[in-house]
file start08.cif (mmCIF, C-alpha atoms)
data_work
loop_
_atom_site.label_atom_id
_atom_site.label_comp_id
_atom_site.auth_asym_id
_atom_site.auth_seq_id
_atom_site.Cartn_x
_atom_site.Cartn_y
_atom_site.Cartn_z
CA MET Z 1 -0.18 -10.53 10.84
CA MET Z 2 -2.88 -13.24 10.90
CA PHE Z 3 -3.43 -13.11 7.13
CA LYS Z 4 0.16 -13.90 6.17
CA PRO Z 5 0.02 -17.72 6.64
CA ILE Z 6 -3.17 -17.86 4.55
CA PHE Z 7 -1.69 -15.77 1.75
CA ALA Z 8 1.58 -17.68 1.92
CA SER Z 9 -0.36 -20.90 1.25
CA MET Z 10 -2.42 -19.26 -1.50
CA ASN Z 11 0.75 -17.95 -3.15
CA GLU Z 12 2.35 -21.39 -3.02
CA VAL Z 13 -0.62 -22.84 -4.88
CA LEU Z 14 -0.60 -19.93 -7.34
CA ASP Z 15 3.13 -20.41 -8.00
CA GLU Z 16 2.44 -24.09 -8.68
CA ILE Z 17 -0.28 -23.14 -11.18
CA ILE Z 18 1.94 -20.58 -12.93
CA ARG Z 19 4.76 -23.13 -13.15
CA ASP Z 20 2.76 -26.15 -14.33
CA PHE Z 21 -0.17 -24.74 -16.32
CA PRO Z 22 1.63 -24.01 -19.64
CA ASN Z 23 2.59 -27.69 -20.07
CA ALA Z 24 -0.39 -29.27 -18.33
CA THR Z 25 -2.78 -31.56 -20.22
CA GLY Z 26 -5.76 -33.75 -19.47
CA THR Z 27 -6.45 -34.50 -15.81
CA ARG Z 28 -3.60 -32.31 -14.58
CA LYS Z 29 -4.96 -29.29 -16.46
CA GLU Z 30 -8.44 -29.88 -15.03
CA GLU Z 31 -6.94 -30.08 -11.54
CA LEU Z 32 -5.12 -26.78 -12.01
CA ASN Z 33 -8.26 -25.13 -13.36
CA GLU Z 34 -10.14 -26.24 -10.25
CA LYS Z 35 -7.40 -24.74 -8.07
CA ILE Z 36 -7.67 -21.45 -9.98
CA GLN Z 37 -11.41 -21.30 -9.30
CA VAL Z 38 -10.85 -22.06 -5.61
CA LEU Z 39 -8.25 -19.29 -5.31
CA LYS Z 40 -10.54 -16.80 -7.04
CA ALA Z 41 -13.44 -17.73 -4.77
CA MET Z 42 -11.26 -17.39 -1.65
CA SER Z 43 -9.95 -14.01 -2.83
CA ASP Z 44 -13.43 -12.67 -3.58
CA SER Z 45 -14.78 -13.93 -0.26
CA MET Z 46 -11.96 -12.29 1.72
CA ILE Z 47 -12.47 -8.97 -0.01
CA GLU Z 48 -16.22 -9.05 0.60
CA GLU Z 49 -15.73 -9.88 4.30
CA TRP Z 50 -13.09 -7.17 4.63
CA LEU Z 51 -15.32 -4.53 3.06
CA LEU Z 52 -18.17 -5.46 5.43
CA PHE Z 53 -15.74 -5.13 8.32
CA GLU Z 54 -14.57 -1.73 7.03
CA GLU Z 55 -18.16 -0.48 6.85
CA LYS Z 56 -18.77 -1.53 10.46
CA ILE Z 57 -15.57 -0.02 11.81
CA ARG Z 58 -16.31 3.31 10.14
CA THR Z 59 -19.44 3.58 12.29
CA LEU Z 60 -17.37 3.67 15.49
CA PRO Z 61 -17.05 7.02 17.30
CA SER Z 62 -13.79 8.75 16.46
CA GLU Z 63 -12.57 8.40 20.07
CA GLN Z 64 -12.74 4.62 19.76
CA ASN Z 65 -11.46 4.45 16.23
CA SER Z 66 -8.40 6.67 16.53
CA SER Z 67 -4.96 6.21 18.04
CA ASP Z 68 -3.93 9.80 17.33
CA ASN Z 69 -4.52 10.88 20.94
CA VAL Z 70 -2.31 8.16 22.42
CA SER Z 71 0.96 9.83 21.48
CA SER Z 72 2.19 13.02 19.89
CA HIS Z 73 4.17 10.82 17.51
CA HIS Z 74 2.37 8.42 15.20
CA PRO Z 75 2.96 6.41 12.03
CA PHE Z 76 1.72 7.35 8.60
CA SER Z 77 -1.96 6.47 8.34
CA LEU Z 78 -3.70 6.17 5.01
CA SER Z 79 -7.07 6.04 6.77
CA GLN Z 80 -6.22 9.34 8.44
CA LEU Z 81 -5.27 10.70 5.05
CA LEU Z 82 -8.69 9.69 3.75
CA GLU Z 83 -10.28 11.69 6.57
CA GLN Z 84 -8.11 14.72 5.79
CA GLN Z 85 -9.25 14.53 2.20
CA GLY Z 86 -12.87 14.99 3.01
CA GLY Z 87 -14.19 13.21 6.07
CA GLN Z 88 -16.96 11.21 4.45
CA LEU Z 89 -15.86 9.30 1.38
CA SER Z 90 -16.72 11.09 -1.84
CA PRO Z 91 -18.63 9.26 -4.60
CA GLU Z 92 -15.31 8.80 -6.39
CA LEU Z 93 -13.72 7.14 -3.36
CA LYS Z 94 -16.77 4.91 -2.99
CA SER Z 95 -16.25 3.60 -6.51
CA SER Z 96 -16.11 -0.17 -6.74
CA GLU Z 97 -12.63 -0.13 -8.31
CA PHE Z 98 -11.11 2.03 -5.58
CA ILE Z 99 -12.69 0.10 -2.71
CA LYS Z 100 -11.59 -3.24 -4.14
CA GLY Z 101 -8.05 -1.95 -4.66
CA GLN Z 102 -8.00 -0.58 -1.12
CA GLY Z 103 -9.30 -3.90 0.19
CA TYR Z 104 -6.54 -5.86 -1.53
CA PHE Z 105 -3.98 -3.34 -0.27
CA LYS Z 106 -5.16 -3.73 3.32
CA LEU Z 107 -4.98 -7.50 2.97
CA TYR Z 108 -1.34 -7.16 1.85
CA MET Z 109 -2.27 -8.46 -1.62
CA PHE Z 110 -0.30 -5.72 -3.32
CA LYS Z 111 -0.07 -7.21 -6.81
CA GLU Z 112 -3.85 -7.47 -6.97
CA ALA Z 113 -4.20 -3.92 -5.64
CA ILE Z 114 -1.87 -2.62 -8.35
CA GLY Z 115 -4.24 -3.80 -11.06
CA TYR Z 116 -7.14 -1.76 -9.68
CA PHE Z 117 -5.21 1.41 -8.87
CA LYS Z 118 -3.33 1.31 -12.18
CA ALA Z 119 -6.64 1.31 -14.05
CA ILE Z 120 -7.98 4.20 -11.94
CA VAL Z 121 -4.87 6.33 -12.45
CA ALA Z 122 -4.91 5.65 -16.19
CA ALA Z 123 -8.49 6.94 -16.37
CA GLN Z 124 -8.05 9.76 -13.82
CA PRO Z 125 -4.39 10.92 -13.68
CA ASP Z 126 -5.12 13.57 -11.03
CA TYR Z 127 -6.74 11.07 -8.64
CA LEU Z 128 -3.84 11.44 -6.21
CA LEU Z 129 -4.95 9.12 -3.45
CA ALA Z 130 -5.26 6.25 -5.92
CA ARG Z 131 -1.83 7.18 -7.31
CA LEU Z 132 -0.39 7.12 -3.78
CA TYR Z 133 -1.83 3.66 -3.12
CA LEU Z 134 -0.44 2.52 -6.49
CA ALA Z 135 3.02 3.87 -5.71
CA LEU Z 136 3.07 2.28 -2.24
CA ALA Z 137 1.88 -1.04 -3.65
CA TYR Z 138 4.67 -0.99 -6.24
CA LEU Z 139 7.16 -0.14 -3.49
CA LYS Z 140 5.91 -2.98 -1.29
CA THR Z 141 6.37 -5.48 -4.14
CA GLY Z 142 9.93 -4.22 -4.62
CA ASP Z 143 9.27 -2.51 -7.96
CA MET Z 144 11.04 0.74 -7.12
CA ASN Z 145 11.38 1.82 -10.75
CA GLU Z 146 7.59 1.88 -11.12
CA ALA Z 147 7.00 3.43 -7.70
CA TYR Z 148 9.48 6.31 -7.96
CA PRO Z 149 7.87 8.44 -10.72
CA HIS Z 150 4.45 8.23 -9.07
CA PHE Z 151 5.80 9.65 -5.82
CA GLN Z 152 7.58 12.36 -7.78
CA MET Z 153 4.36 13.30 -9.58
CA ILE Z 154 2.30 13.50 -6.37
CA ILE Z 155 4.47 16.08 -4.57
CA PRO Z 156 3.87 19.13 -6.82
CA MET Z 157 0.22 18.18 -7.39
CA THR Z 158 -0.98 18.32 -3.76
CA ASP Z 159 -1.05 20.73 -0.83
CA ASN Z 160 -1.73 17.92 1.64
CA LYS Z 161 1.25 17.76 3.99
CA MET Z 162 0.80 14.11 4.94
CA MET Z 163 0.61 13.04 1.30
CA LYS Z 164 3.75 15.03 0.54
CA ALA Z 165 5.50 13.59 3.61
CA ILE Z 166 4.63 10.00 2.67
CA SER Z 167 5.96 10.64 -0.85
CA TYR Z 168 9.22 12.23 0.30
CA ASN Z 169 9.75 9.47 2.85
CA ALA Z 170 9.19 6.79 0.20
CA LEU Z 171 11.59 8.53 -2.18
CA GLY Z 172 14.12 8.52 0.64
CA CYS Z 173 13.67 4.76 1.13
CA ILE Z 174 14.24 4.16 -2.58
CA GLN Z 175 17.35 6.36 -2.66
CA ALA Z 176 18.72 4.61 0.43
CA ARG Z 177 18.23 1.18 -1.12
CA ASN Z 178 20.08 2.47 -4.20
CA GLN Z 179 22.95 3.53 -1.90
CA ASN Z 180 22.32 7.25 -2.53
CA THR Z 181 22.67 8.13 1.14
CA GLU Z 182 22.96 11.90 0.77
CA LYS Z 183 19.80 12.16 -1.33
CA ALA Z 184 17.96 9.76 0.97
CA CYS Z 185 18.78 11.90 4.00
CA GLU Z 186 17.60 15.00 2.15
CA TYR Z 187 14.22 13.41 1.40
CA PHE Z 188 13.78 12.09 4.95
CA LYS Z 189 14.47 15.57 6.35
CA MET Z 190 11.94 17.12 3.96
CA ALA Z 191 9.32 14.58 5.02
CA TYR Z 192 10.00 15.21 8.71
CA GLN Z 193 9.81 18.98 8.27
CA LEU Z 194 6.38 18.65 6.68
CA ASP Z 195 5.01 16.83 9.73
CA PRO Z 196 7.37 16.40 12.73
CA SER Z 197 4.78 14.32 14.59
CA ILE Z 198 5.16 11.39 12.18
CA VAL Z 199 7.80 8.87 13.19
CA GLU Z 200 9.01 7.15 10.00
CA PRO Z 201 11.18 9.85 8.36
CA LEU Z 202 13.18 10.52 11.51
CA SER Z 203 13.72 6.85 12.32
CA ASN Z 204 14.69 6.19 8.68
CA LEU Z 205 17.11 9.11 8.75
CA GLU Z 206 18.79 7.72 11.88
CA MET Z 207 19.06 4.25 10.32
CA VAL Z 208 20.69 5.60 7.16
CA GLN Z 209 23.08 7.82 9.09
CA HIS Z 210 24.12 4.84 11.22
CA LYS Z 211 24.42 2.66 8.10
CA SER Z 212 21.80 0.16 9.28
CA ASP Z 213 20.13 -2.36 6.98
CA THR Z 214 18.17 -0.30 4.43
CA MET Z 215 15.71 -3.18 3.93
CA ASN Z 216 14.29 -2.34 7.36
CA LEU Z 217 13.37 1.22 6.36
CA SER Z 218 9.69 2.07 6.71
CA ALA Z 219 7.80 3.56 3.79
CA GLY Z 220 4.69 4.03 5.91
CA LEU Z 221 2.06 1.37 5.41
CA ASN Z 222 -0.18 1.83 8.43
CA HIS Z 223 -3.47 1.40 6.57
#

call {"tool": "encode", "arguments": {"input": "start08.cif", "output": "structure tokens"}}
result
Amino acid sequence: MMFKPIFASMNEVLDEIIRDFPNATGTRKEELNEKIQVLKAMSDSMIEEWLLFEEKIRTLPSEQNSSDNVSSHHPFSLSQLLEQQGGQLSPELKSSEFIKGQGYFKLYMFKEAIGYFKAIVAAQPDYLLARLYLALAYLKTGDMNEAYPHFQMIIPMTDNKMMKAISYNALGCIQARNQNTEKACEYFKMAYQLDPSIVEPLSNLEMVQHKSDTMNLSAGLNH
């Protein structure tokens, strides 16, 4: 992923700021403040460029913009889920908060994405797509305790099979990492039954049954 070296460098600088800022004084504090402003400017610029790119790519004909016809089996796709939820983005989905959160998520800046989606869910608890992004972002940062209840809440609140499948699959990943193999297998099977064309639940099930490394399980983050 081409963005990872950039974000690795940005995170190194941010870690330095977090470590040194509380005790910094004088010139050192000014230097850290300058670094903070640079990081914020870089972050804002990346999001703006990404959103412009997203707008352009949405204008492509569906034949050019879709990989669904390549194979009968495909990974979870949040962009496909957006299409299932209404084709054109609704005014709610076009909200500045949602689009910024989605932009950070797509740039693998999950902690930043959490802030936006957490605020949306607090204001609109039944905004399930935002809740799904929030849960996946928590899961990607390793905060399984925060992710788990969101996935649990989504399942009875939606009729969308892909959204249910993503949630069951993610619950399975969490159970597997907690060494609850039987429950993990149950969730993976439920996810697969909801949509047998999606690859993650079945591959995760096979990994758990063969006692492979649970850190390699896929929660489905094909944006």

call {"tool": "resolve_selection", "arguments": {"input": "start08.cif", "expression": "the PyMOL selection byres ((chain Z and resi 100) around 9)", "output": "list in words"}}
result
Ile47, Glu48, Leu51, Ser95, Ser96, Glu97, Phe98, Ile99, Gly101, Gln102, Gly103, Tyr104, Phe105, Ala113 and Tyr116 of chain Z

call {"tool": "write_last_selection", "arguments": {"input": "start08.cif", "atoms": "C-alpha atoms", "output": "tab-separated table (two decimals), keeping the file's coordinate frame"}}
result
chain	number	residue	atom	x	y	z
Z	47	ILE	CA	-12.47	-8.97	-0.01
Z	48	GLU	CA	-16.22	-9.05	0.60
Z	51	LEU	CA	-15.32	-4.53	3.06
Z	95	SER	CA	-16.25	3.60	-6.51
Z	96	SER	CA	-16.11	-0.17	-6.74
Z	97	GLU	CA	-12.63	-0.13	-8.31
Z	98	PHE	CA	-11.11	2.03	-5.58
Z	99	ILE	CA	-12.69	0.10	-2.71
Z	101	GLY	CA	-8.05	-1.95	-4.66
Z	102	GLN	CA	-8.00	-0.58	-1.12
Z	103	GLY	CA	-9.30	-3.90	0.19
Z	104	TYR	CA	-6.54	-5.86	-1.53
Z	105	PHE	CA	-3.98	-3.34	-0.27
Z	113	ALA	CA	-4.20	-3.92	-5.64
Z	116	TYR	CA	-7.14	-1.76	-9.68

call {"tool": "closest_residue", "arguments": {"input": "start08.cif", "among": "Z:Leu52, Z:Leu60, Z:Ala123, Z:Val13", "to": "Val38 in chain Z", "atoms": "all atoms listed in the file"}}
result
Z:Val13

call {"tool": "resolve_selection", "arguments": {"input": "start08.cif", "expression": "the PyMOL selection byres ((chain Z and resi 131) around 12)", "output": "PyMOL selection string"}}
result
chain Z and resi 98+101-102+113-130+132-138+146-155+157-158+163+167

call {"tool": "residues_around", "arguments": {"input": "start08.cif", "residues": "range 188-194 of chain Z", "least_positions_apart": "6", "cutoff": "9 Å", "atoms": "all atoms listed in the file", "output": "NGL selection string"}}
result
:Z and (161-162 or 164-173 or 200-202 or 204-205)

call {"tool": "atom_distance", "arguments": {"input": "start08.cif", "atom1": "CA of Ile36 in chain Z", "atom2": "CA of Phe7 in chain Z"}}
result
14.3 Å

call {"tool": "atom_distance", "arguments": {"input": "start08.cif", "atom1": "CA of Thr25 in chain Z", "atom2": "CA of Lys111 in chain Z"}}
result
27.9 Å

call {"tool": "atom_distance", "arguments": {"input": "start08.cif", "atom1": "CA of Ile6 in chain Z", "atom2": "CA of Leu139 in chain Z"}}
result
22.0 Å

call {"tool": "build_atoms", "arguments": {"input": "start08.cif", "residues": "range 185-196 of chain Z", "atoms": "all heavy atoms", "output": "PDB file, keeping the file's coordinate frame"}}
result
ATOM      1  N   CYS Z 185      18.861  11.065   2.802  1.00  0.00           N
ATOM      2  CA  CYS Z 185      18.780  11.900   4.000  1.00  0.00           C
ATOM      3  C   CYS Z 185      18.034  13.207   3.708  1.00  0.00           C
ATOM      4  O   CYS Z 185      17.241  13.688   4.528  1.00  0.00           O
ATOM      5  CB  CYS Z 185      20.170  12.197   4.541  1.00  0.00           C
ATOM      6  SG  CYS Z 185      20.988  10.755   5.271  1.00  0.00           S
ATOM      7  N   GLU Z 186      18.276  13.774   2.540  1.00  0.00           N
ATOM      8  CA  GLU Z 186      17.600  15.000   2.150  1.00  0.00           C
ATOM      9  C   GLU Z 186      16.081  14.798   2.100  1.00  0.00           C
ATOM     10  O   GLU Z 186      15.311  15.618   2.619  1.00  0.00           O
ATOM     11  CB  GLU Z 186      18.107  15.441   0.773  1.00  0.00           C
ATOM     12  CG  GLU Z 186      17.422  16.694   0.229  1.00  0.00           C
ATOM     13  CD  GLU Z 186      17.867  17.028  -1.186  1.00  0.00           C
ATOM     14  OE1 GLU Z 186      18.972  16.598  -1.583  1.00  0.00           O
ATOM     15  OE2 GLU Z 186      17.097  17.704  -1.909  1.00  0.00           O
ATOM     16  N   TYR Z 187      15.651  13.692   1.505  1.00  0.00           N
ATOM     17  CA  TYR Z 187      14.220  13.410   1.400  1.00  0.00           C
ATOM     18  C   TYR Z 187      13.596  13.127   2.771  1.00  0.00           C
ATOM     19  O   TYR Z 187      12.483  13.577   3.067  1.00  0.00           O
ATOM     20  CB  TYR Z 187      13.965  12.223   0.466  1.00  0.00           C
ATOM     21  CG  TYR Z 187      14.068  12.561  -0.997  1.00  0.00           C
ATOM     22  CD1 TYR Z 187      14.699  11.696  -1.892  1.00  0.00           C
ATOM     23  CD2 TYR Z 187      13.510  13.729  -1.512  1.00  0.00           C
ATOM     24  CE1 TYR Z 187      14.782  11.995  -3.248  1.00  0.00           C
ATOM     25  CE2 TYR Z 187      13.596  14.034  -2.858  1.00  0.00           C
ATOM     26  CZ  TYR Z 187      14.234  13.165  -3.723  1.00  0.00           C
ATOM     27  OH  TYR Z 187      14.308  13.468  -5.064  1.00  0.00           O
ATOM     28  N   PHE Z 188      14.308  12.384   3.622  1.00  0.00           N
ATOM     29  CA  PHE Z 188      13.780  12.090   4.950  1.00  0.00           C
ATOM     30  C   PHE Z 188      13.609  13.385   5.765  1.00  0.00           C
ATOM     31  O   PHE Z 188      12.614  13.556   6.487  1.00  0.00           O
ATOM     32  CB  PHE Z 188      14.692  11.129   5.705  1.00  0.00           C
ATOM     33  CG  PHE Z 188      14.703   9.730   5.146  1.00  0.00           C
ATOM     34  CD1 PHE Z 188      15.886   9.008   5.088  1.00  0.00           C
ATOM     35  CD2 PHE Z 188      13.537   9.136   4.684  1.00  0.00           C
ATOM     36  CE1 PHE Z 188      15.907   7.724   4.573  1.00  0.00           C
ATOM     37  CE2 PHE Z 188      13.546   7.844   4.164  1.00  0.00           C
ATOM     38  CZ  PHE Z 188      14.742   7.138   4.107  1.00  0.00           C
ATOM     39  N   LYS Z 189      14.559  14.295   5.632  1.00  0.00           N
ATOM     40  CA  LYS Z 189      14.470  15.570   6.350  1.00  0.00           C
ATOM     41  C   LYS Z 189      13.285  16.396   5.841  1.00  0.00           C
ATOM     42  O   LYS Z 189      12.576  17.030   6.626  1.00  0.00           O
ATOM     43  CB  LYS Z 189      15.776  16.364   6.180  1.00  0.00           C
ATOM     44  CG  LYS Z 189      16.950  15.783   6.958  1.00  0.00           C
ATOM     45  CD  LYS Z 189      18.238  16.539   6.656  1.00  0.00           C
ATOM     46  CE  LYS Z 189      19.428  15.928   7.378  1.00  0.00           C
ATOM     47  NZ  LYS Z 189      20.701  16.625   7.027  1.00  0.00           N
ATOM     48  N   MET Z 190      13.075  16.382   4.532  1.00  0.00           N
ATOM     49  CA  MET Z 190      11.940  17.120   3.960  1.00  0.00           C
ATOM     50  C   MET Z 190      10.616  16.554   4.454  1.00  0.00           C
ATOM     51  O   MET Z 190       9.677  17.294   4.775  1.00  0.00           O
ATOM     52  CB  MET Z 190      12.017  17.092   2.435  1.00  0.00           C
ATOM     53  CG  MET Z 190      13.197  17.856   1.875  1.00  0.00           C
ATOM     54  SD  MET Z 190      13.435  17.626   0.088  1.00  0.00           S
ATOM     55  CE  MET Z 190      12.141  18.677  -0.551  1.00  0.00           C
ATOM     56  N   ALA Z 191      10.546  15.218   4.532  1.00  0.00           N
ATOM     57  CA  ALA Z 191       9.320  14.580   5.020  1.00  0.00           C
ATOM     58  C   ALA Z 191       9.083  14.941   6.484  1.00  0.00           C
ATOM     59  O   ALA Z 191       7.957  15.261   6.882  1.00  0.00           O
ATOM     60  CB  ALA Z 191       9.431  13.061   4.862  1.00  0.00           C
ATOM     61  N   TYR Z 192      10.129  14.904   7.279  1.00  0.00           N
ATOM     62  CA  TYR Z 192      10.000  15.210   8.710  1.00  0.00           C
ATOM     63  C   TYR Z 192       9.604  16.665   8.929  1.00  0.00           C
ATOM     64  O   TYR Z 192       8.787  16.969   9.811  1.00  0.00           O
ATOM     65  CB  TYR Z 192      11.328  14.917   9.416  1.00  0.00           C
ATOM     66  CG  TYR Z 192      11.292  15.165  10.908  1.00  0.00           C
ATOM     67  CD1 TYR Z 192      10.533  14.357  11.738  1.00  0.00           C
ATOM     68  CD2 TYR Z 192      12.012  16.215  11.466  1.00  0.00           C
ATOM     69  CE1 TYR Z 192      10.493  14.588  13.104  1.00  0.00           C
ATOM     70  CE2 TYR Z 192      11.979  16.457  12.827  1.00  0.00           C
ATOM     71  CZ  TYR Z 192      11.215  15.638  13.647  1.00  0.00           C
ATOM     72  OH  TYR Z 192      11.178  15.876  14.995  1.00  0.00           O
ATOM     73  N   GLN Z 193      10.154  17.561   8.134  1.00  0.00           N
ATOM     74  CA  GLN Z 193       9.810  18.980   8.270  1.00  0.00           C
ATOM     75  C   GLN Z 193       8.348  19.249   7.944  1.00  0.00           C
ATOM     76  O   GLN Z 193       7.720  20.124   8.537  1.00  0.00           O
ATOM     77  CB  GLN Z 193      10.713  19.822   7.359  1.00  0.00           C
ATOM     78  CG  GLN Z 193      12.155  19.905   7.842  1.00  0.00           C
ATOM     79  CD  GLN Z 193      13.088  20.502   6.803  1.00  0.00           C
ATOM     80  OE1 GLN Z 193      12.655  20.906   5.720  1.00  0.00           O
ATOM     81  NE2 GLN Z 193      14.371  20.547   7.120  1.00  0.00           N
ATOM     82  N   LEU Z 194       7.791  18.473   7.040  1.00  0.00           N
ATOM     83  CA  LEU Z 194       6.380  18.650   6.680  1.00  0.00           C
ATOM     84  C   LEU Z 194       5.458  18.271   7.822  1.00  0.00           C
ATOM     85  O   LEU Z 194       4.415  18.890   8.019  1.00  0.00           O
ATOM     86  CB  LEU Z 194       6.045  17.818   5.437  1.00  0.00           C
ATOM     87  CG  LEU Z 194       6.496  18.416   4.106  1.00  0.00           C
ATOM     88  CD1 LEU Z 194       6.505  17.364   3.012  1.00  0.00           C
ATOM     89  CD2 LEU Z 194       5.578  19.572   3.709  1.00  0.00           C
ATOM     90  N   ASP Z 195       5.823  17.243   8.590  1.00  0.00           N
ATOM     91  CA  ASP Z 195       5.010  16.830   9.730  1.00  0.00           C
ATOM     92  C   ASP Z 195       5.904  16.155  10.777  1.00  0.00           C
ATOM     93  O   ASP Z 195       6.110  14.945  10.749  1.00  0.00           O
ATOM     94  CB  ASP Z 195       3.900  15.873   9.288  1.00  0.00           C
ATOM     95  CG  ASP Z 195       2.881  15.635  10.407  1.00  0.00           C
ATOM     96  OD1 ASP Z 195       3.192  15.941  11.568  1.00  0.00           O
ATOM     97  OD2 ASP Z 195       1.785  15.144  10.113  1.00  0.00           O
ATOM     98  N   PRO Z 196       6.442  16.938  11.726  1.00  0.00           N
ATOM     99  CA  PRO Z 196       7.370  16.400  12.730  1.00  0.00           C
ATOM    100  C   PRO Z 196       6.751  15.382  13.677  1.00  0.00           C
ATOM    101  O   PRO Z 196       7.468  14.708  14.409  1.00  0.00           O
ATOM    102  CB  PRO Z 196       7.819  17.660  13.504  1.00  0.00           C
ATOM    103  CG  PRO Z 196       7.546  18.789  12.573  1.00  0.00           C
ATOM    104  CD  PRO Z 196       6.316  18.396  11.811  1.00  0.00           C
TER     105      PRO Z 196
END
